[in-house]
>>> print(open('target.txt').read())   # compact mmCIF, C-alpha atoms
# COMPACT_ATOMS: atom_id res chain seq x y z
CA MET A 1 40.66 13.40 53.16
CA SER A 2 40.09 17.13 52.74
CA SER A 3 36.66 18.39 53.71
CA PRO A 4 35.45 19.43 50.18
CA ARG A 5 36.43 16.00 48.85
CA LEU A 6 34.70 14.27 51.74
CA ALA A 7 31.57 16.35 51.17
CA ALA A 8 31.57 15.44 47.48
CA TRP A 9 32.05 11.77 48.32
CA LEU A 10 29.19 11.80 50.83
CA LEU A 11 26.95 13.58 48.34
CA ALA A 12 27.73 10.96 45.71
CA LEU A 13 26.95 8.19 48.20
CA LEU A 14 23.68 9.83 49.17
CA PHE A 15 22.71 10.22 45.50
CA THR A 16 23.44 6.55 44.81
CA CYS A 17 21.29 5.54 47.78
CA ILE A 18 18.38 7.67 46.65
CA CYS A 19 18.55 6.34 43.11
CA SER A 20 18.74 2.70 44.15
CA SER A 21 16.01 3.04 46.74
CA THR A 22 13.46 4.62 44.38
CA SER A 23 14.28 2.66 41.26
CA ALA A 24 17.17 1.15 39.39
CA GLN A 25 15.92 2.39 36.02
CA PRO A 26 14.70 5.96 35.75
CA ALA A 27 12.21 6.98 33.08
CA ALA A 28 14.18 8.12 30.05
CA ARG A 29 13.60 9.31 26.53
CA PRO A 30 15.86 8.49 23.60
CA VAL A 31 17.95 11.43 22.38
CA PRO A 32 17.20 12.63 19.76
CA LEU A 33 13.59 11.46 19.48
CA LYS A 34 12.89 9.81 16.13
CA SER A 35 9.62 8.51 14.77
CA GLY A 36 9.66 4.91 13.56
CA ILE A 37 9.10 6.13 10.01
CA GLU A 38 12.72 7.37 9.97
CA PHE A 39 13.93 3.80 10.39
CA THR A 40 11.95 2.43 7.43
CA GLY A 41 12.92 2.29 3.77
CA ALA A 42 11.97 4.80 1.08
CA GLU A 43 9.11 2.62 -0.20
CA VAL A 44 7.41 2.43 3.20
CA ARG A 45 7.86 6.17 3.69
CA ALA A 46 6.31 6.82 0.27
CA LEU A 47 3.41 4.49 1.06
CA GLN A 48 2.64 6.21 4.36
CA GLY A 49 2.99 9.66 2.80
CA ASP A 50 0.64 8.99 -0.13
CA GLU A 51 -2.83 9.73 1.13
CA PHE A 52 -4.39 7.49 -1.47
CA ALA A 53 -1.98 4.55 -1.60
CA ASN A 54 -1.63 4.30 2.21
CA PRO A 55 -3.56 1.06 2.87
CA GLY A 56 -4.57 2.37 6.30
CA MET A 57 -6.85 4.82 4.51
CA LEU A 58 -9.23 1.94 3.79
CA TRP A 59 -9.75 1.65 7.54
CA ILE A 60 -10.05 5.41 7.84
CA SER A 61 -12.86 5.30 5.26
CA ARG A 62 -14.53 2.63 7.34
CA GLY A 63 -14.11 4.67 10.51
CA SER A 64 -15.50 7.75 8.81
CA ALA A 65 -18.60 5.82 7.73
CA LEU A 66 -19.05 4.39 11.24
CA TRP A 67 -18.78 7.87 12.70
CA ASP A 68 -21.98 8.87 10.91
CA GLN A 69 -23.79 5.57 11.27
CA PRO A 70 -26.52 5.40 13.95
CA ALA A 71 -26.14 2.53 16.41
CA GLY A 72 -27.80 1.16 19.51
CA LYS A 73 -31.29 1.48 20.94
CA GLU A 74 -31.62 5.22 20.42
CA GLY A 75 -30.11 5.10 16.96
CA ARG A 76 -27.46 7.62 17.89
CA ALA A 77 -24.29 8.08 15.83
CA CYS A 78 -20.95 9.43 17.06
CA ALA A 79 -21.64 12.49 14.91
CA GLY A 80 -24.96 13.00 16.74
CA CYS A 81 -23.10 14.19 19.86
CA HIS A 82 -19.64 15.13 18.61
CA GLY A 83 -20.56 16.64 15.24
CA GLU A 84 -17.98 16.69 12.46
CA ALA A 85 -14.94 14.68 13.50
CA ALA A 86 -12.57 17.25 11.99
CA ALA A 87 -13.77 19.82 14.53
CA GLY A 88 -15.11 17.74 17.42
CA MET A 89 -12.23 15.29 17.60
CA LYS A 90 -9.36 17.67 16.90
CA ALA A 91 -6.53 17.11 19.44
CA VAL A 92 -8.69 14.65 21.41
CA ALA A 93 -6.36 11.71 20.76
CA THR A 94 -3.40 13.67 22.17
CA ARG A 95 -4.87 13.31 25.69
CA TYR A 96 -4.94 9.48 25.75
CA PRO A 97 -4.34 7.31 27.68
CA GLN A 98 -5.95 9.20 30.56
CA ILE A 99 -7.69 8.55 33.87
CA ASP A 100 -11.42 8.07 33.35
CA ARG A 101 -13.15 10.45 35.78
CA ALA A 102 -16.13 8.18 36.45
CA SER A 103 -14.32 4.92 37.13
CA GLY A 104 -10.87 6.20 38.12
CA ALA A 105 -9.31 3.64 35.78
CA LEU A 106 -6.73 4.27 33.09
CA ILE A 107 -8.37 4.27 29.68
CA ASN A 108 -6.98 4.55 26.16
CA LEU A 109 -8.66 5.83 23.01
CA GLU A 110 -9.98 2.38 22.13
CA GLY A 111 -11.40 2.10 25.64
CA ARG A 112 -13.10 5.49 25.38
CA ILE A 113 -14.73 4.56 22.07
CA GLN A 114 -15.96 1.32 23.64
CA GLN A 115 -17.25 3.19 26.67
CA CYS A 116 -19.11 5.67 24.48
CA ARG A 117 -20.62 2.81 22.54
CA GLU A 118 -21.84 1.00 25.63
CA GLN A 119 -22.87 3.88 27.88
CA ARG A 120 -24.00 6.54 25.40
CA GLN A 121 -25.11 4.65 22.33
CA HIS A 122 -26.28 1.58 24.28
CA ALA A 123 -24.81 -0.59 21.56
CA PRO A 124 -22.72 -3.76 21.97
CA PRO A 125 -19.01 -2.91 22.14
CA PHE A 126 -16.68 -3.87 19.31
CA LYS A 127 -14.03 -6.52 19.86
CA TYR A 128 -10.63 -5.03 20.66
CA GLU A 129 -8.87 -5.87 17.41
CA SER A 130 -11.99 -5.68 15.21
CA GLU A 131 -12.03 -3.86 11.89
CA GLU A 132 -14.63 -1.48 13.29
CA LEU A 133 -12.65 -0.46 16.37
CA LEU A 134 -9.42 -0.16 14.37
CA GLY A 135 -11.24 1.99 11.82
CA LEU A 136 -12.82 4.31 14.38
CA THR A 137 -9.62 4.61 16.42
CA ALA A 138 -7.57 5.42 13.33
CA TYR A 139 -10.18 7.94 12.18
CA VAL A 140 -10.28 9.74 15.52
CA ARG A 141 -6.47 9.73 15.85
CA GLN A 142 -6.13 11.09 12.32
CA GLN A 143 -7.91 14.27 13.49
CA SER A 144 -4.86 14.95 15.69
CA ASN A 145 -2.24 14.30 13.02
CA GLY A 146 0.86 16.45 13.41
CA MET A 147 0.14 17.22 17.06
CA PRO A 148 2.30 15.92 19.91
CA LEU A 149 0.67 14.05 22.80
CA SER A 150 -0.17 15.99 25.95
CA ILE A 151 -0.94 13.38 28.58
CA SER A 152 -0.81 13.64 32.34
CA ILE A 153 1.38 11.34 34.43
CA ALA A 154 0.58 13.09 37.71
CA GLY A 155 -2.04 12.32 40.36
CA ALA A 156 -4.04 9.17 39.77
CA ALA A 157 -2.05 8.44 36.60
CA GLN A 158 1.27 8.30 38.44
CA PRO A 159 1.10 4.72 39.74
CA HIS A 160 0.14 3.59 36.23
CA PHE A 161 3.12 5.47 34.84
CA GLU A 162 5.44 3.83 37.37
CA ARG A 163 4.10 0.38 36.55
CA GLY A 164 4.48 1.11 32.85
CA ARG A 165 8.09 2.14 33.41
CA GLU A 166 8.76 -1.01 35.39
CA PHE A 167 7.21 -3.10 32.61
CA TYR A 168 9.44 -1.32 30.11
CA TYR A 169 12.61 -2.32 31.96
CA GLN A 170 11.41 -5.79 32.98
CA ARG A 171 13.21 -8.68 31.30
CA PHE A 172 10.78 -11.19 29.78
CA GLY A 173 10.60 -14.62 28.21
CA GLN A 174 13.08 -17.23 27.13
CA MET A 175 15.26 -14.56 25.55
CA ASN A 176 15.23 -12.63 28.81
CA LEU A 177 14.96 -9.27 27.08
CA SER A 178 13.31 -6.04 28.18
CA CYS A 179 11.75 -3.42 25.89
CA ALA A 180 14.58 -1.07 26.89
CA GLN A 181 17.38 -3.37 25.78
CA CYS A 182 16.31 -3.00 22.16
CA HIS A 183 14.40 0.26 21.93
CA GLN A 184 16.22 2.41 24.51
CA ASP A 185 19.78 1.06 24.50
CA ASN A 186 20.23 -0.17 20.94
CA TRP A 187 17.92 1.76 18.63
CA GLY A 188 19.40 2.48 15.23
CA LYS A 189 21.36 -0.79 15.18
CA LYS A 190 20.32 -3.80 13.13
CA LEU A 191 18.28 -6.78 14.27
CA GLY A 192 18.66 -9.09 11.30
CA PRO A 193 17.90 -6.97 8.24
CA GLU A 194 15.79 -4.46 10.13
CA ALA A 195 16.83 -1.30 11.92
CA ILE A 196 15.67 -1.24 15.54
CA SER A 197 13.33 1.70 16.03
CA GLN A 198 12.84 3.67 19.21
CA GLY A 199 9.49 1.95 19.64
CA HIS A 200 7.11 4.89 19.80
CA GLY A 201 3.31 4.66 19.68
CA ASN A 202 2.73 7.81 17.59
CA PRO A 203 1.65 6.15 14.29
CA TYR A 204 -0.84 3.64 15.76
CA PRO A 205 -3.05 1.99 14.72
CA ILE A 206 -0.73 1.03 11.88
CA TYR A 207 -0.92 -0.87 8.65
CA ARG A 208 1.87 -3.38 9.03
CA LEU A 209 3.06 -5.06 5.83
CA GLU A 210 4.01 -8.20 7.77
CA TRP A 211 0.46 -8.44 9.12
CA GLN A 212 -1.06 -7.49 5.76
CA THR A 213 -3.64 -5.59 7.76
CA MET A 214 -4.21 -2.89 10.34
CA GLY A 215 -3.26 -3.49 13.96
CA SER A 216 -3.42 -1.77 17.33
CA LEU A 217 -0.53 -0.76 19.58
CA HIS A 218 -1.47 -3.62 21.89
CA ARG A 219 -1.19 -6.08 19.02
CA ARG A 220 2.32 -4.73 18.50
CA PHE A 221 3.08 -5.32 22.20
CA ARG A 222 1.95 -8.90 21.73
CA SER A 223 4.20 -9.27 18.68
CA CYS A 224 7.22 -7.99 20.60
CA LEU A 225 6.52 -10.28 23.55
CA SER A 226 6.06 -13.22 21.19
CA GLY A 227 9.40 -12.26 19.62
CA VAL A 228 11.23 -12.61 22.94
CA ARG A 229 9.28 -15.84 23.65
CA ALA A 230 7.33 -14.35 26.52
CA GLU A 231 3.73 -14.76 27.60
CA MET A 232 1.40 -12.47 25.68
CA LEU A 233 -1.40 -10.61 27.45
CA PRO A 234 -4.77 -9.90 25.85
CA GLN A 235 -5.24 -6.55 24.14
CA GLY A 236 -6.59 -3.92 26.51
CA SER A 237 -5.15 -5.57 29.63
CA PRO A 238 -4.16 -3.21 32.50
CA ALA A 239 -0.42 -3.91 32.10
CA TYR A 240 -0.57 -2.90 28.43
CA LEU A 241 -2.48 0.27 29.30
CA ASP A 242 0.22 1.19 31.83
CA LEU A 243 2.88 0.53 29.21
CA GLU A 244 0.95 2.63 26.69
CA LEU A 245 0.96 5.53 29.16
CA TYR A 246 4.71 5.18 29.71
CA LEU A 247 5.31 5.10 25.95
CA ALA A 248 3.07 8.15 25.49
CA TRP A 249 5.27 10.07 27.93
CA ARG A 250 8.41 8.64 26.37
CA SER A 251 7.48 9.81 22.86
CA GLY A 252 7.78 13.41 24.07
CA ASN A 253 6.93 15.92 21.35
CA LEU A 254 6.73 13.42 18.46
CA PRO A 255 3.62 14.21 16.42
CA ILE A 256 0.81 11.73 15.82
CA GLU A 257 1.00 10.22 12.33
CA ALA A 258 -2.08 8.04 11.86
CA PRO A 259 -2.51 5.79 10.00
CA GLY A 260 1.15 4.82 9.98
CA VAL A 261 2.64 2.21 7.68
CA ARG A 262 5.40 -0.08 8.91
CA ARG A 263 7.20 -3.12 7.58
CA MET B 1 -15.64 -4.88 0.49
CA ALA B 2 -14.54 -1.35 1.09
CA ALA B 3 -12.82 0.33 -1.82
CA ARG B 4 -11.33 3.72 -2.60
CA ILE B 5 -11.01 5.11 -6.09
CA SER B 6 -9.27 8.16 -7.41
CA VAL B 7 -10.42 9.59 -10.74
CA PRO B 8 -9.84 13.22 -11.77
CA GLN B 9 -13.20 15.04 -11.83
CA ASN B 10 -12.22 17.20 -14.78
CA ALA B 11 -9.91 16.55 -17.71
CA ARG B 12 -9.18 17.93 -21.16
CA ARG B 13 -9.92 15.76 -24.17
CA GLY B 14 -6.85 13.73 -25.12
CA ASP B 15 -5.23 14.02 -21.68
CA GLN B 16 -3.65 10.97 -20.10
CA ILE B 17 -5.26 10.62 -16.69
CA GLU B 18 -4.25 8.39 -13.79
CA ILE B 19 -6.86 6.10 -12.28
CA ARG B 20 -6.18 4.55 -8.89
CA ILE B 21 -8.12 1.95 -6.99
CA ALA B 22 -7.56 0.26 -3.60
CA ILE B 23 -9.78 -2.55 -2.37
CA GLN B 24 -9.90 -3.96 1.15
CA HIS B 25 -9.50 -7.72 0.80
CA PRO B 26 -7.39 -10.34 2.63
CA MET B 27 -6.21 -11.92 -0.67
CA GLU B 28 -5.86 -15.28 1.02
CA THR B 29 -3.15 -17.18 -0.85
CA GLY B 30 -4.30 -20.73 -0.14
CA TYR B 31 -0.84 -21.57 1.20
CA ARG B 32 -1.52 -20.60 4.80
CA VAL B 33 -2.81 -22.82 7.61
CA GLU B 34 -4.72 -22.07 10.79
CA ASP B 35 -3.04 -22.56 14.19
CA ASN B 36 -4.62 -26.01 14.37
CA GLY B 37 -3.22 -27.05 10.98
CA THR B 38 -6.28 -26.77 8.76
CA ALA B 39 -5.60 -25.14 5.43
CA ILE B 40 -7.12 -21.73 4.74
CA THR B 41 -8.92 -21.83 1.41
CA LYS B 42 -7.55 -19.61 -1.31
CA ASN B 43 -9.65 -16.50 -1.79
CA VAL B 44 -8.37 -13.66 -3.92
CA ILE B 45 -9.97 -11.02 -6.10
CA ASN B 46 -9.37 -12.86 -9.34
CA LYS B 47 -10.76 -10.32 -11.76
CA LEU B 48 -11.10 -6.57 -11.86
CA LEU B 49 -12.61 -4.67 -14.78
CA CYS B 50 -12.74 -0.98 -15.51
CA ARG B 51 -15.24 0.28 -18.08
CA TYR B 52 -15.27 3.81 -19.48
CA ASN B 53 -18.74 4.68 -20.77
CA GLY B 54 -19.40 0.96 -21.16
CA ALA B 55 -16.20 0.07 -23.00
CA GLU B 56 -13.56 -2.00 -21.27
CA VAL B 57 -10.37 0.03 -20.77
CA PHE B 58 -8.53 -1.99 -18.14
CA ARG B 59 -8.61 -5.56 -16.87
CA ALA B 60 -6.58 -7.26 -14.14
CA GLU B 61 -6.48 -10.99 -13.50
CA MET B 62 -4.94 -11.53 -10.11
CA GLY B 63 -3.71 -14.59 -8.22
CA SER B 64 -1.95 -15.66 -5.03
CA GLY B 65 1.02 -13.41 -5.63
CA ILE B 66 -0.88 -10.18 -5.07
CA SER B 67 -0.70 -8.76 -1.55
CA ALA B 68 -3.70 -8.10 0.68
CA ASN B 69 -5.69 -4.92 0.04
CA PRO B 70 -4.57 -4.62 -3.59
CA TYR B 71 -3.79 -1.18 -4.93
CA LEU B 72 -3.79 -0.66 -8.70
CA SER B 73 -2.94 2.35 -10.77
CA PHE B 74 -3.18 2.81 -14.53
CA PHE B 75 -3.57 5.51 -17.17
CA ILE B 76 -6.35 6.07 -19.67
CA VAL B 77 -6.94 8.77 -22.28
CA ALA B 78 -9.79 11.14 -21.49
CA ALA B 79 -12.10 10.82 -24.48
CA ALA B 80 -15.54 11.96 -23.42
CA SER B 81 -17.54 12.97 -20.37
CA GLY B 82 -19.28 10.13 -18.65
CA GLU B 83 -18.68 7.43 -16.12
CA LEU B 84 -15.94 5.05 -15.08
CA ARG B 85 -17.21 1.85 -13.59
CA PHE B 86 -15.17 -0.70 -11.69
CA ASP B 87 -16.30 -4.27 -11.09
CA TRP B 88 -14.46 -7.03 -9.32
CA VAL B 89 -15.14 -10.49 -7.98
CA ASP B 90 -13.30 -12.86 -5.62
CA ASP B 91 -13.00 -16.66 -5.54
CA THR B 92 -16.02 -17.03 -3.25
CA GLY B 93 -18.15 -15.09 -5.73
CA VAL B 94 -18.38 -11.93 -3.63
CA ALA B 95 -18.46 -9.03 -6.06
CA GLY B 96 -17.94 -5.33 -5.58
CA SER B 97 -18.33 -2.26 -7.71
CA GLU B 98 -17.64 1.46 -7.68
CA ARG B 99 -18.34 4.24 -10.12
CA SER B 100 -17.08 7.74 -10.67
CA ALA B 101 -18.17 10.55 -12.98
CA ILE B 102 -15.73 12.45 -15.14
CA ILE B 103 -16.20 15.70 -17.08
CA VAL B 104 -14.09 16.05 -20.22
CA ALA B 105 -13.95 19.48 -21.81
>>> encode(input="target.txt", output="structure tokens")
Amino acid sequence: MSSPRLAAWLLALLFTCICSSTSAQPAARPVPLKSGIEFTGAEVRALQGDEFANPGMLWISRGSALWDQPAGKEGRACAGCHGEAAAGMKAVATRYPQIDRASGALINLEGRIQQCREQRQHAPPFKYESEELLGLTAYVRQQSNGMPLSISIAGAAQPHFERGREFYYQRFGQMNLSCAQCHQDNWGKKLGPEAISQGHGNPYPIYRLEWQTMGSLHRRFRSCLSGVRAEMLPQGSPAYLDLELYLAWRSGNLPIEAPGVRR
Amino acid sequence: MAARISVPQNARRGDQIEIRIAIQHPMETGYRVEDNGTAITKNVINKLLCRYNGAEVFRAEMGSGISANPYLSFFIVAAASGELRFDWVDDTGVAGSERSAIIVA
């Protein structure tokens, strides 16, 4: 074997070793990135695009009212500290999930709203999938519409990111399917009558026609896991937060489109 | 019951104007069951009325076939300045109402 060929062979071997020792499945984004709205029909697109007819706007109205409504012992409203949401909450949602400085834990937007409610307003927290929390989350996310996420996966967030990536490629349930097998490897193809989307979190919380109501990203995780006959975790569980962080990275420069409408 | 209505604030006399209303409601069909098998009682907004300066201009009688969070749109002719009033009631007797002013020149 000639020396350049030997060198190339050794390099290839070394590369294979490195890849297999760190991880079998590297973090990857679909190319090109497409929002889930591109996989829906014209009617769903029209519904999401119509600011009045979009059913999610009912929850936005609720969130907007809650924003100004005093709560807790001191009777403090969100607006009391943050002012007008249009100014005070602009681009805020693009930074979630993030590491909470005080606790060092990974926290998503829902978690931050809950934390504010408990620690600042001294009010009882909302339930994870409650109308109130969905409304407030949608309202705050709406203030970042059209902006891509800018999250950090370095430092304390890195182990969460790695766990999220592992979750993404982990096969689950009786159907023995991973997230990646549908949403990374086979997006754009059909699963029954529906096109498989790339599975991004940018429109959440969404109004899903199948649910006939608004739902969080974690509810969607539960639906997917139920679909592959796997065990579902409760909303807000650490594994789902890790997955949310991975998905946030994976959605690259896709803009937030809240409240989204999906089939 | 949260609701959103869309009524043009200004219109010219004789104009056809679009009125839109969306109401947050589960519109329970009566055909669904809980996880433990007990039937969920039917509960839909069965009647919605729109009055224009007191006179009825639109009425909807809805049933199990209407999806959750119903959204309705209809046209009326702008006749005079005044108020549009919407009233609705569901099977459990919970009623809601909204109103909106309109200026017709």
>>> residues_around(input="target.txt", residues="segment 133-150 of chain A", least_positions_apart="3", cutoff="6 Å", atoms="all atoms listed in the file", output="list in words")
Trp59, Ile60, Arg62, Gly63, Ala86, Lys90, Ala91, Ala93, Thr94, Arg95, Ser130, Pro205, Asn253, Leu254, Pro255, Ile256, Glu257 and Ala258 of chain A
>>> interface_residues(input="target.txt", of="chain B", to="chain A", cutoff="12 Å", atoms="only C-alpha atoms", output="list in words")
Met1, Ala2, Ala3, Arg4, Ile5, Ser6, Val7, Ile19, Arg20, Ile21, Ala22, Ile23, Gln24, His25, Pro26, Met27, Glu28, Thr29, Ile66, Ser67, Ala68, Asn69, Pro70, Tyr71, Leu72 and Ser73 of chain B
>>> closest_residue(input="target.txt", among="B:Ala95, B:Val104, B:Ala11, B:Leu84", to="Lys47 of chain B", atoms="all atoms listed in the file")
B:Ala95
>>> residues_around(input="target.txt", residues="Val94 of chain B", least_positions_apart="5", cutoff="10 Å", atoms="all atoms listed in the file", output="list in words")
Met1, Ile45, Trp88 and Val89 of chain B
>>> closest_residue(input="target.txt", among="B:Gly65, B:Leu49, B:Ile17, B:Ser97", to="Tyr31 of chain B", atoms="all atoms listed in the file")
B:Gly65
>>> residues_around(input="target.txt", residues="Asp91 of chain B", least_positions_apart="6", cutoff="8 Å", atoms="all atoms listed in the file", output="list in words")
Lys42, Asn43, Val44, Ile45 and Asn46 of chain B
>>> closest_residue(input="target.txt", among="B:Pro8, B:Gly14, B:Gly82, B:Gly93", to="Gly54 of chain B", atoms="only C-alpha atoms")
B:Gly82
>>> axis_aligned_box(input="target.txt", around="segment 178-182 of chain A", padding_each_side="3 Å", output="JSON")
{"center_x": 14.6, "center_y": -3.6, "center_z": 25.2, "size_x": 11.6, "size_y": 11.0, "size_z": 12.0}
>>> closest_atom_pairs(input="target.txt", of="segment 118-184 of chain A", to="segment 227-246 of chain A", cutoff="6 Å", atoms="all atoms listed in the file", output="JSON lines")
{"residue": "A:His160", "atom": "CA", "partner": "A:Asp242", "partner_atom": "CA", "distance": 5.0}
{"residue": "A:Phe161", "atom": "CA", "partner": "A:Tyr246", "partner_atom": "CA", "distance": 5.4}
{"residue": "A:Gly164", "atom": "CA", "partner": "A:Leu243", "partner_atom": "CA", "distance": 4.0}
{"residue": "A:Arg165", "atom": "CA", "partner": "A:Tyr246", "partner_atom": "CA", "distance": 5.9}
{"residue": "A:Phe172", "atom": "CA", "partner": "A:Ala230", "partner_atom": "CA", "distance": 5.7}
{"residue": "A:Gly173", "atom": "CA", "partner": "A:Ala230", "partner_atom": "CA", "distance": 3.7}
{"residue": "A:Gln174", "atom": "CA", "partner": "A:Arg229", "partner_atom": "CA", "distance": 5.3}
{"residue": "A:Met175", "atom": "CA", "partner": "A:Val228", "partner_atom": "CA", "distance": 5.2}
>>> write_last_selection(input="target.txt", atoms="C-alpha atoms", output="tab-separated table (two decimals), keeping the file's coordinate frame")
chain	number	residue	atom	x	y	z
A	160	HIS	CA	0.14	3.59	36.23
A	161	PHE	CA	3.12	5.47	34.84
A	164	GLY	CA	4.48	1.11	32.85
A	165	ARG	CA	8.09	2.14	33.41
A	172	PHE	CA	10.78	-11.19	29.78
A	173	GLY	CA	10.60	-14.62	28.21
A	174	GLN	CA	13.08	-17.23	27.13
A	175	MET	CA	15.26	-14.56	25.55
>>> closest_residue(input="target.txt", among="A:Leu66, A:Ala87, A:Gln25, A:Lys73", to="His122 of chain A", atoms="all atoms listed in the file")
A:Lys73
>>> atom_distance(input="target.txt", atom1="atom CA of Ile102 of chain B", atom2="atom CA of Arg13 of chain B")
11.2 Å
>>> atom_distance(input="target.txt", atom1="atom CA of Ala101 of chain B", atom2="atom CA of Gln48 of chain A")
27.4 Å
>>> atom_distance(input="target.txt", atom1="atom CA of Gln115 of chain A", atom2="atom CA of Asp100 of chain A")
10.1 Å
>>> residues_around(input="target.txt", residues="Leu48 of chain B", least_positions_apart="2", cutoff="6 Å", atoms="only C-alpha atoms", output="PyMOL selection string")
chain B and resi 59-60+87-88
>>> closest_residue(input="target.txt", among="A:Pro193, A:Pro159, A:Gly260, A:Gly75", to="Arg45 of chain A", atoms="only C-alpha atoms")
A:Gly260
>>> residues_around(input="target.txt", residues="Arg250 of chain A", least_positions_apart="6", cutoff="9 Å", atoms="only C-alpha atoms", output="list of chain:residue names")
A:Ala27, A:Ala28, A:Arg29, A:Pro30, A:His200
>>> closest_residue(input="target.txt", among="B:Thr92, B:Asn10, B:Asn53, B:Gln16", to="Thr41 of chain B", atoms="all atoms listed in the file")
B:Thr92
>>> build_atoms(input="target.txt", residues="segment 51-64 of chain A", atoms="N, CA and C atoms", output="short mmCIF file (atom, residue, chain, number, x, y, z; two decimals), keeping the file's coordinate frame")
data_model
loop_
_atom_site.label_atom_id
_atom_site.label_comp_id
_atom_site.auth_asym_id
_atom_site.auth_seq_id
_atom_site.Cartn_x
_atom_site.Cartn_y
_atom_site.Cartn_z
N GLU A 51 -1.54 9.82 0.47
CA GLU A 51 -2.83 9.73 1.13
C GLU A 51 -3.78 8.75 0.45
N PHE A 52 -3.53 8.48 -0.83
CA PHE A 52 -4.39 7.49 -1.47
C PHE A 52 -3.85 6.08 -1.31
N ALA A 53 -2.55 5.91 -1.59
CA ALA A 53 -1.98 4.55 -1.60
C ALA A 53 -1.83 3.97 -0.20
N ASN A 54 -1.75 4.80 0.84
CA ASN A 54 -1.63 4.30 2.21
C ASN A 54 -2.78 3.34 2.50
N PRO A 55 -2.47 2.03 2.70
CA PRO A 55 -3.56 1.06 2.87
C PRO A 55 -4.41 1.33 4.11
N GLY A 56 -3.83 2.03 5.09
CA GLY A 56 -4.57 2.37 6.30
C GLY A 56 -5.78 3.25 6.00
N MET A 57 -5.75 3.94 4.86
CA MET A 57 -6.85 4.82 4.51
C MET A 57 -8.15 4.05 4.27
N LEU A 58 -8.02 2.77 3.93
CA LEU A 58 -9.23 1.94 3.79
C LEU A 58 -9.95 1.83 5.13
N TRP A 59 -9.16 1.73 6.19
CA TRP A 59 -9.75 1.65 7.54
C TRP A 59 -10.29 3.01 7.97
N ILE A 60 -9.59 4.05 7.55
CA ILE A 60 -10.05 5.41 7.84
C ILE A 60 -11.43 5.63 7.20
N SER A 61 -11.56 5.17 5.94
CA SER A 61 -12.86 5.30 5.26
C SER A 61 -13.94 4.59 6.05
N ARG A 62 -13.60 3.40 6.54
CA ARG A 62 -14.53 2.63 7.34
C ARG A 62 -14.91 3.38 8.62
N GLY A 63 -13.89 3.91 9.27
CA GLY A 63 -14.11 4.67 10.51
C GLY A 63 -14.98 5.89 10.27
N SER A 64 -14.73 6.55 9.15
CA SER A 64 -15.50 7.75 8.81
C SER A 64 -16.97 7.40 8.60
#
